[in-house]
Amino acid sequence: MPKRPSKARALRQLLDSGQLEFIMEAHNGLSARIVEEAGFAGIWASGLALSAAFGVRDSNEASWTQVLEAVEFMADATEVPILLDGDTGYGNFNNLRRLVTKLESRGVAGVCIEDKLFPKTNSFIDGERQPLADVDEFCGKIRAGKDAQADPDFCIVARVEALIAGWSVEEALDRAKAYQAAGADAVLIHDKARSFDNIQRFAAAWDGSCPLVIVPTKYYSTPTDVFRKAGISLVIWANHTVRSAVTAMQRTVREIRETETLTGVEDRIAPVSEIFRLQGDPELREAEKRYGGDA
Ligand code: SPV
Ligand code: MG
């Protein structure tokens, strides 16, 4: 059987495939497995979704080692590459170096860092008031991360928050060029506008020196083919797993609370056997036969 590429290589191949690719949000081992089973070739370990799953805000309230532990469960549960939303890198260049080393050791394929200040705020909250990182400082962070990685395929994606913070497309382009020159493997250009117009202008002016990544959460009504024609390499569906889980959980628990019976929900929720399957229980049954003795 041909050997699978490393997860880092697989992420690099997604970024460099020359066609539009998609990765999907997950926030724990279970959701990561569901995303992989659906056929996605990669997973976005979203900071918003991870922090929501912890029950805290997307403001670096969860520590970086808590994030690391969660993403390790996700990597253990799946074969496809994971791109971690590393926020601002949890500090300066030195913190990012350490993060990169630890992510590699846990089988995470790449990290995305954004040019904001620690502790970050989610891009959709009071965006225009968000201060951006100094360009030189952020470039030093990228260079430090690239120098720290042991596997040449580990990817560092530089996320430009200029449009989020109310700056121009030109400012976003200047920043993106500097980050690419500092060694970023791809640029994530983010926007919170309802329209794709600014990113389209950005992409038209981009010289193609590295792949472009987008997060169409707010401009979701833009047809996917428009992204393709704009030359985007990777789309991140960034939070739709956690949001769908919230909707389903709210509906079920409200109904059980109101009706004081399980009869209404039983047939529309996953059976316990499906949970066992997603946990990989059949493999343990087999292993017990091989290793478990007579008992
Ligand atoms: C995330 O998924 O945590 C992201 C994308 O960073 S966004 O929420 O759009 O900022
Ligand atoms: Mg985030």
# chains A, B, ... in the order shown; residues from 1 in each chain; ligands from 1

call {"tool": "closest_atom_pairs", "arguments": {"of": "chain A", "to": "ligand 2", "cutoff": "6 Å", "atoms": "only C-alpha atoms and all ligand atoms", "output": "CSV"}}
result
residue,atom,partner,partner_atom_place_in_ligand_line,distance
A:Ser46,CA,ligand 2,1 (Mg),5.5
A:Gly47,CA,ligand 2,1 (Mg),4.1
A:Leu48,CA,ligand 2,1 (Mg),5.0
A:Asp85,CA,ligand 2,1 (Mg),5.6
A:Asp87,CA,ligand 2,1 (Mg),5.7

call {"tool": "write_last_selection", "arguments": {"atoms": "N, CA and C atoms", "output": "PDB file, in the first residue's frame"}}
result
ATOM      1  N   SER A  46     -10.721  25.541  15.174  1.00  0.00           N
ATOM      2  CA  SER A  46     -11.117  26.942  15.338  1.00  0.00           C
ATOM      3  C   SER A  46     -10.960  27.412  16.779  1.00  0.00           C
ATOM      4  N   GLY A  47     -10.358  28.584  16.945  1.00  0.00           N
ATOM      5  CA  GLY A  47     -10.253  29.151  18.284  1.00  0.00           C
ATOM      6  C   GLY A  47     -11.613  29.478  18.873  1.00  0.00           C
ATOM      7  N   LEU A  48     -12.503  29.994  18.009  1.00  0.00           N
ATOM      8  CA  LEU A  48     -13.861  30.289  18.474  1.00  0.00           C
ATOM      9  C   LEU A  48     -14.553  29.018  18.956  1.00  0.00           C
ATOM     10  N   ASP A  85      -6.006  27.115  14.534  1.00  0.00           N
ATOM     11  CA  ASP A  85      -6.159  28.557  14.676  1.00  0.00           C
ATOM     12  C   ASP A  85      -5.348  28.959  15.912  1.00  0.00           C
ATOM     13  N   ASP A  87      -4.482  31.833  16.981  1.00  0.00           N
ATOM     14  CA  ASP A  87      -4.697  33.223  17.403  1.00  0.00           C
ATOM     15  C   ASP A  87      -3.455  34.061  17.085  1.00  0.00           C
TER      16      ASP A  87
END

call {"tool": "residues_near_ligand", "arguments": {"ligand": "ligand 1", "cutoff": "10 Å", "atoms": "only C-alpha atoms and all ligand atoms", "output": "ChimeraX atom specification"}}
result
/A:24-27,44-52,58,84-87,112-114,120-125,127,159,161,164,190-192,214-218,236-240

call {"tool": "write_last_selection", "arguments": {"atoms": "N, CA and C atoms", "output": "CSV table (one decimal), in the first residue's frame"}}
result
chain,number,residue,atom,x,y,z
A,24,MET,N,-12.9,22.1,7.3
A,24,MET,CA,-14.1,22.3,8.1
A,24,MET,C,-13.7,22.3,9.6
A,25,GLU,N,-14.4,23.2,10.3
A,25,GLU,CA,-14.2,23.3,11.7
A,25,GLU,C,-14.5,22.1,12.5
A,26,ALA,N,-13.6,21.8,13.5
A,26,ALA,CA,-13.9,20.9,14.6
A,26,ALA,C,-13.3,21.4,15.8
A,27,HIS,N,-13.8,20.9,17.0
A,27,HIS,CA,-13.4,21.5,18.3
A,27,HIS,C,-13.1,20.4,19.3
A,44,TRP,N,-10.1,22.5,10.4
A,44,TRP,CA,-9.8,23.8,11.0
A,44,TRP,C,-10.1,23.6,12.5
A,45,ALA,N,-9.1,23.7,13.3
A,45,ALA,CA,-9.3,23.7,14.8
A,45,ALA,C,-9.5,25.1,15.2
A,46,SER,N,-10.7,25.5,15.2
A,46,SER,CA,-11.1,26.9,15.3
A,46,SER,C,-11.0,27.4,16.8
A,47,GLY,N,-10.4,28.6,16.9
A,47,GLY,CA,-10.3,29.2,18.3
A,47,GLY,C,-11.6,29.5,18.9
A,48,LEU,N,-12.5,30.0,18.0
A,48,LEU,CA,-13.9,30.3,18.5
A,48,LEU,C,-14.6,29.0,19.0
A,49,ALA,N,-14.5,28.0,18.2
A,49,ALA,CA,-15.2,26.7,18.5
A,49,ALA,C,-14.5,26.0,19.7
A,50,LEU,N,-13.2,26.0,19.7
A,50,LEU,CA,-12.5,25.4,20.9
A,50,LEU,C,-12.9,26.1,22.2
A,51,SER,N,-12.8,27.4,22.1
A,51,SER,CA,-13.1,28.2,23.4
A,51,SER,C,-14.6,28.0,23.7
A,52,ALA,N,-15.5,28.0,22.7
A,52,ALA,CA,-16.9,27.8,23.0
A,52,ALA,C,-17.1,26.4,23.7
A,58,ASP,N,-13.7,33.7,23.3
A,58,ASP,CA,-12.6,33.6,22.3
A,58,ASP,C,-11.7,34.8,22.5
A,84,LEU,N,-4.3,24.4,13.0
A,84,LEU,CA,-4.8,25.1,14.3
A,84,LEU,C,-4.9,26.6,14.1
A,85,ASP,N,-6.0,27.1,14.5
A,85,ASP,CA,-6.2,28.6,14.7
A,85,ASP,C,-5.3,29.0,15.9
A,86,GLY,N,-4.1,29.4,15.7
A,86,GLY,CA,-3.2,29.7,16.8
A,86,GLY,C,-3.4,31.2,17.3
A,87,ASP,N,-4.5,31.8,17.0
A,87,ASP,CA,-4.7,33.2,17.4
A,87,ASP,C,-3.5,34.1,17.1
A,112,CYS,N,-2.2,28.7,12.1
A,112,CYS,CA,-2.5,30.0,11.5
A,112,CYS,C,-2.4,31.1,12.6
A,113,ILE,N,-1.6,32.1,12.3
A,113,ILE,CA,-1.5,33.2,13.3
A,113,ILE,C,-2.0,34.5,12.7
A,114,GLU,N,-2.6,35.3,13.5
A,114,GLU,CA,-3.2,36.6,13.1
A,114,GLU,C,-2.4,37.8,13.6
A,120,LYS,N,-6.2,38.2,22.1
A,120,LYS,CA,-7.0,38.6,20.9
A,120,LYS,C,-8.5,38.7,21.3
A,121,THR,N,-9.2,39.3,20.3
A,121,THR,CA,-10.7,39.4,20.4
A,121,THR,C,-11.2,38.8,19.1
A,122,ASN,N,-12.3,38.1,19.1
A,122,ASN,CA,-12.8,37.5,17.9
A,122,ASN,C,-13.1,38.6,16.9
A,123,SER,N,-12.8,38.3,15.6
A,123,SER,CA,-12.8,39.3,14.6
A,123,SER,C,-14.2,39.9,14.4
A,124,PHE,N,-15.2,39.2,14.8
A,124,PHE,CA,-16.6,39.8,14.6
A,124,PHE,C,-17.1,40.6,15.8
A,125,ILE,N,-16.2,40.8,16.8
A,125,ILE,CA,-16.6,41.6,17.9
A,125,ILE,C,-15.9,42.9,17.9
A,127,GLY,N,-14.9,44.8,15.7
A,127,GLY,CA,-13.7,44.7,14.8
A,127,GLY,C,-12.9,46.0,14.6
A,159,ARG,N,-2.4,35.4,8.9
A,159,ARG,CA,-3.7,35.9,8.8
A,159,ARG,C,-3.7,37.4,8.9
A,161,GLU,N,-5.5,40.9,9.3
A,161,GLU,CA,-6.8,41.4,10.0
A,161,GLU,C,-7.0,42.8,9.6
A,164,ILE,N,-10.6,43.6,8.7
A,164,ILE,CA,-11.4,43.5,10.0
A,164,ILE,C,-11.3,44.7,10.8
A,190,HIS,N,-8.9,38.0,5.9
A,190,HIS,CA,-10.2,37.9,6.6
A,190,HIS,C,-11.0,39.2,6.4
A,191,ASP,N,-12.3,39.0,6.4
A,191,ASP,CA,-13.2,40.2,6.3
A,191,ASP,C,-14.5,39.8,7.0
A,192,LYS,N,-15.1,40.9,7.5
A,192,LYS,CA,-16.4,40.7,8.2
A,192,LYS,C,-17.6,41.3,7.4
A,214,ILE,N,-9.4,31.9,2.8
A,214,ILE,CA,-10.5,32.7,3.2
A,214,ILE,C,-11.5,32.0,4.2
A,215,VAL,N,-12.2,32.8,4.9
A,215,VAL,CA,-13.2,32.3,5.9
A,215,VAL,C,-14.5,33.0,5.6
A,216,PRO,N,-15.4,32.4,4.8
A,216,PRO,CA,-16.6,33.2,4.3
A,216,PRO,C,-17.8,33.2,5.3
A,217,THR,N,-17.5,33.2,6.6
A,217,THR,CA,-18.6,33.2,7.5
A,217,THR,C,-19.6,34.3,7.3
A,218,LYS,N,-19.1,35.5,7.1
A,218,LYS,CA,-20.1,36.7,6.9
A,218,LYS,C,-20.6,36.8,5.5
A,236,ILE,N,-12.1,28.0,4.5
A,236,ILE,CA,-12.3,27.4,5.8
A,236,ILE,C,-13.8,27.7,6.2
A,237,TRP,N,-14.6,26.6,6.3
A,237,TRP,CA,-15.9,26.7,6.9
A,237,TRP,C,-15.7,26.6,8.4
A,238,ALA,N,-15.7,27.8,9.1
A,238,ALA,CA,-15.0,28.0,10.3
A,238,ALA,C,-15.7,27.6,11.6
A,239,ASN,N,-17.0,27.6,11.6
A,239,ASN,CA,-17.7,27.4,12.9
A,239,ASN,C,-19.0,26.6,12.8
A,240,HIS,N,-19.2,26.0,11.7
A,240,HIS,CA,-20.6,25.4,11.4
A,240,HIS,C,-20.8,24.1,12.1

call {"tool": "select_by_dssp", "arguments": {"residues": "segment 88-279 of chain A", "states": "helix (DSSP H, G or I)", "output": "ChimeraX atom specification"}}
result
/A:93-105,127-129,135-148,169-181,197-205,224-229,240-259,266-268,272-278

call {"tool": "atom_distance", "arguments": {"atom1": "atom CA of Leu117 of chain A", "atom2": "atom CA of Leu163 of chain A"}}
result
15.5 Å

call {"tool": "residues_around", "arguments": {"residues": "Val108 of chain A", "least_positions_apart": "4", "cutoff": "6 Å", "atoms": "only C-alpha atoms", "output": "list of chain:residue names"}}
result
A:Ile82, A:Leu103, A:Glu104

call {"tool": "residues_around", "arguments": {"residues": "Ile199 of chain A", "least_positions_apart": "5", "cutoff": "12 Å", "atoms": "only C-alpha atoms", "output": "VMD selection string"}}
result
chain A and resid 160 to 164 168 to 170 172 to 173 187 to 194 204 to 206 212 to 216 219 222 226 to 227 230 to 232

call {"tool": "atom_distance", "arguments": {"atom1": "atom CA of Gln180 of chain A", "atom2": "atom CA of Leu99 of chain A"}}
result
20.0 Å

call {"tool": "select_by_dssp", "arguments": {"residues": "segment 56-254 of chain A", "states": "strand (DSSP E)", "output": "list in words"}}
result
Ile82, Leu83, Leu84, Asp85, Gly110, Val111, Cys112, Ile113, Glu114, Cys155, Ile156, Val157, Ala158, Arg159, Val160, Ala186, Val187, Leu188, Ile189, Leu212, Val213, Ile214, Leu234, Val235, Ile236 and Trp237 of chain A

call {"tool": "write_last_selection", "arguments": {"atoms": "C-alpha atoms", "output": "compact mmCIF listing (two decimals), in the first residue's frame"}}
result
# COMPACT_ATOMS: atom_id res chain seq x y z
CA ILE A 82 -5.34 19.83 11.13
CA LEU A 83 -4.68 23.54 10.78
CA LEU A 84 -4.79 25.07 14.25
CA ASP A 85 -6.16 28.56 14.68
CA GLY A 110 0.10 23.71 10.61
CA VAL A 111 -0.82 26.83 12.51
CA CYS A 112 -2.52 30.04 11.50
CA ILE A 113 -1.47 33.19 13.32
CA GLU A 114 -3.17 36.58 13.06
CA CYS A 155 2.69 25.21 7.43
CA ILE A 156 2.46 28.65 8.94
CA VAL A 157 -0.49 30.61 7.62
CA ALA A 158 -0.35 34.37 8.21
CA ARG A 159 -3.74 35.93 8.77
CA VAL A 160 -4.23 39.53 7.80
CA ALA A 186 -0.10 31.03 2.86
CA VAL A 187 -2.02 34.21 3.61
CA LEU A 188 -5.47 34.17 5.18
CA ILE A 189 -7.27 37.35 4.22
CA LEU A 212 -4.76 32.63 -0.36
CA VAL A 213 -7.11 31.32 2.32
CA ILE A 214 -10.53 32.74 3.19
CA LEU A 234 -8.48 27.18 0.53
CA VAL A 235 -11.89 27.90 2.07
CA ILE A 236 -12.34 27.43 5.81
CA TRP A 237 -15.92 26.66 6.92

call {"tool": "closest_residue", "arguments": {"among": "A:Ser233, A:Gln149, A:Thr224, A:Thr78", "to": "Asp16 of chain A", "atoms": "only C-alpha atoms"}}
result
A:Ser233

call {"tool": "decode", "arguments": {"residues": "segment 104-207 of chain A", "atoms": "C-alpha atoms", "output": "PDB file, in the first residue's frame"}}
result
ATOM      1  CA  GLU A 104       4.659  19.174  15.466  1.00  0.00           C
ATOM      2  CA  SER A 105       5.162  16.699  18.283  1.00  0.00           C
ATOM      3  CA  ARG A 106       1.371  16.253  18.587  1.00  0.00           C
ATOM      4  CA  GLY A 107       0.803  15.620  14.885  1.00  0.00           C
ATOM      5  CA  VAL A 108      -0.742  18.981  14.006  1.00  0.00           C
ATOM      6  CA  ALA A 109      -0.015  19.957  10.390  1.00  0.00           C
ATOM      7  CA  GLY A 110       0.099  23.714  10.610  1.00  0.00           C
ATOM      8  CA  VAL A 111      -0.817  26.827  12.510  1.00  0.00           C
ATOM      9  CA  CYS A 112      -2.522  30.038  11.495  1.00  0.00           C
ATOM     10  CA  ILE A 113      -1.475  33.194  13.316  1.00  0.00           C
ATOM     11  CA  GLU A 114      -3.172  36.575  13.060  1.00  0.00           C
ATOM     12  CA  ASP A 115      -1.647  40.045  13.177  1.00  0.00           C
ATOM     13  CA  LYS A 116      -3.458  41.239  16.283  1.00  0.00           C
ATOM     14  CA  LEU A 117      -2.389  41.681  19.912  1.00  0.00           C
ATOM     15  CA  PHE A 118      -2.588  39.177  22.763  1.00  0.00           C
ATOM     16  CA  PRO A 119      -5.142  38.644  24.244  1.00  0.00           C
ATOM     17  CA  LYS A 120      -7.019  38.636  20.936  1.00  0.00           C
ATOM     18  CA  THR A 121     -10.700  39.351  20.410  1.00  0.00           C
ATOM     19  CA  ASN A 122     -12.849  37.496  17.899  1.00  0.00           C
ATOM     20  CA  SER A 123     -12.823  39.305  14.559  1.00  0.00           C
ATOM     21  CA  PHE A 124     -16.587  39.751  14.579  1.00  0.00           C
ATOM     22  CA  ILE A 125     -16.640  41.601  17.922  1.00  0.00           C
ATOM     23  CA  ASP A 126     -15.979  45.358  17.755  1.00  0.00           C
ATOM     24  CA  GLY A 127     -13.712  44.706  14.769  1.00  0.00           C
ATOM     25  CA  GLU A 128     -12.807  48.265  13.932  1.00  0.00           C
ATOM     26  CA  ARG A 129     -11.438  48.963  17.355  1.00  0.00           C
ATOM     27  CA  GLN A 130      -9.027  46.073  17.207  1.00  0.00           C
ATOM     28  CA  PRO A 131      -5.366  47.160  17.192  1.00  0.00           C
ATOM     29  CA  LEU A 132      -3.095  45.381  14.734  1.00  0.00           C
ATOM     30  CA  ALA A 133       0.364  44.023  15.410  1.00  0.00           C
ATOM     31  CA  ASP A 134       3.396  45.950  14.234  1.00  0.00           C
ATOM     32  CA  VAL A 135       4.363  44.549  10.813  1.00  0.00           C
ATOM     33  CA  ASP A 136       8.049  44.017  11.684  1.00  0.00           C
ATOM     34  CA  GLU A 137       7.195  42.339  14.952  1.00  0.00           C
ATOM     35  CA  PHE A 138       4.737  40.006  13.222  1.00  0.00           C
ATOM     36  CA  CYS A 139       7.289  39.201  10.504  1.00  0.00           C
ATOM     37  CA  GLY A 140       9.805  38.282  13.212  1.00  0.00           C
ATOM     38  CA  LYS A 141       7.202  35.963  14.681  1.00  0.00           C
ATOM     39  CA  ILE A 142       6.694  34.260  11.320  1.00  0.00           C
ATOM     40  CA  ARG A 143      10.449  33.886  10.782  1.00  0.00           C
ATOM     41  CA  ALA A 144      10.899  32.460  14.278  1.00  0.00           C
ATOM     42  CA  GLY A 145       8.113  29.951  13.696  1.00  0.00           C
ATOM     43  CA  LYS A 146       9.551  28.858  10.357  1.00  0.00           C
ATOM     44  CA  ASP A 147      13.025  28.483  11.892  1.00  0.00           C
ATOM     45  CA  ALA A 148      11.593  26.406  14.751  1.00  0.00           C
ATOM     46  CA  GLN A 149       9.794  23.792  12.654  1.00  0.00           C
ATOM     47  CA  ALA A 150      11.556  20.449  12.232  1.00  0.00           C
ATOM     48  CA  ASP A 151       9.403  19.194   9.355  1.00  0.00           C
ATOM     49  CA  PRO A 152       9.811  21.387   6.264  1.00  0.00           C
ATOM     50  CA  ASP A 153       6.175  20.717   5.369  1.00  0.00           C
ATOM     51  CA  PHE A 154       4.707  22.190   8.580  1.00  0.00           C
ATOM     52  CA  CYS A 155       2.687  25.205   7.426  1.00  0.00           C
ATOM     53  CA  ILE A 156       2.465  28.649   8.939  1.00  0.00           C
ATOM     54  CA  VAL A 157      -0.495  30.608   7.621  1.00  0.00           C
ATOM     55  CA  ALA A 158      -0.349  34.372   8.206  1.00  0.00           C
ATOM     56  CA  ARG A 159      -3.742  35.927   8.767  1.00  0.00           C
ATOM     57  CA  VAL A 160      -4.230  39.534   7.796  1.00  0.00           C
ATOM     58  CA  GLU A 161      -6.758  41.365   9.964  1.00  0.00           C
ATOM     59  CA  ALA A 162      -6.437  44.763   8.290  1.00  0.00           C
ATOM     60  CA  LEU A 163      -9.918  44.651   6.686  1.00  0.00           C
ATOM     61  CA  ILE A 164     -11.442  43.479   9.965  1.00  0.00           C
ATOM     62  CA  ALA A 165      -9.857  46.443  11.766  1.00  0.00           C
ATOM     63  CA  GLY A 166     -11.189  48.939   9.216  1.00  0.00           C
ATOM     64  CA  TRP A 167      -8.031  49.442   7.142  1.00  0.00           C
ATOM     65  CA  SER A 168      -7.853  49.522   3.349  1.00  0.00           C
ATOM     66  CA  VAL A 169      -7.278  46.741   0.819  1.00  0.00           C
ATOM     67  CA  GLU A 170      -3.902  48.408   0.111  1.00  0.00           C
ATOM     68  CA  GLU A 171      -2.887  48.124   3.765  1.00  0.00           C
ATOM     69  CA  ALA A 172      -3.971  44.473   3.726  1.00  0.00           C
ATOM     70  CA  LEU A 173      -1.872  43.848   0.610  1.00  0.00           C
ATOM     71  CA  ASP A 174       1.201  45.554   2.089  1.00  0.00           C
ATOM     72  CA  ARG A 175       0.916  43.411   5.177  1.00  0.00           C
ATOM     73  CA  ALA A 176       0.328  40.213   3.218  1.00  0.00           C
ATOM     74  CA  LYS A 177       3.390  40.839   1.036  1.00  0.00           C
ATOM     75  CA  ALA A 178       5.554  41.421   4.111  1.00  0.00           C
ATOM     76  CA  TYR A 179       4.282  38.234   5.761  1.00  0.00           C
ATOM     77  CA  GLN A 180       4.868  36.185   2.618  1.00  0.00           C
ATOM     78  CA  ALA A 181       8.400  37.580   2.352  1.00  0.00           C
ATOM     79  CA  ALA A 182       8.976  36.615   6.004  1.00  0.00           C
ATOM     80  CA  GLY A 183       8.231  32.995   5.099  1.00  0.00           C
ATOM     81  CA  ALA A 184       4.477  32.478   5.498  1.00  0.00           C
ATOM     82  CA  ASP A 185       3.300  29.453   3.540  1.00  0.00           C
ATOM     83  CA  ALA A 186      -0.103  31.027   2.861  1.00  0.00           C
ATOM     84  CA  VAL A 187      -2.020  34.208   3.610  1.00  0.00           C
ATOM     85  CA  LEU A 188      -5.470  34.174   5.176  1.00  0.00           C
ATOM     86  CA  ILE A 189      -7.274  37.354   4.221  1.00  0.00           C
ATOM     87  CA  HIS A 190     -10.193  37.874   6.572  1.00  0.00           C
ATOM     88  CA  ASP A 191     -13.186  40.184   6.320  1.00  0.00           C
ATOM     89  CA  LYS A 192     -16.430  40.665   8.180  1.00  0.00           C
ATOM     90  CA  ALA A 193     -18.273  42.389   5.346  1.00  0.00           C
ATOM     91  CA  ARG A 194     -21.396  40.807   3.892  1.00  0.00           C
ATOM     92  CA  SER A 195     -19.854  41.039   0.457  1.00  0.00           C
ATOM     93  CA  PHE A 196     -16.765  39.441  -1.034  1.00  0.00           C
ATOM     94  CA  ASP A 197     -15.832  42.675  -2.865  1.00  0.00           C
ATOM     95  CA  ASN A 198     -12.808  43.732  -0.814  1.00  0.00           C
ATOM     96  CA  ILE A 199     -11.303  40.270  -0.813  1.00  0.00           C
ATOM     97  CA  GLN A 200     -11.943  40.041  -4.540  1.00  0.00           C
ATOM     98  CA  ARG A 201      -9.975  43.272  -5.009  1.00  0.00           C
ATOM     99  CA  PHE A 202      -7.269  41.913  -2.740  1.00  0.00           C
ATOM    100  CA  ALA A 203      -7.079  38.633  -4.681  1.00  0.00           C
ATOM    101  CA  ALA A 204      -6.994  40.433  -8.049  1.00  0.00           C
ATOM    102  CA  ALA A 205      -3.985  42.436  -6.890  1.00  0.00           C
ATOM    103  CA  TRP A 206      -2.240  39.482  -5.255  1.00  0.00           C
ATOM    104  CA  ASP A 207       0.832  38.298  -7.129  1.00  0.00           C
TER     105      ASP A 207
END
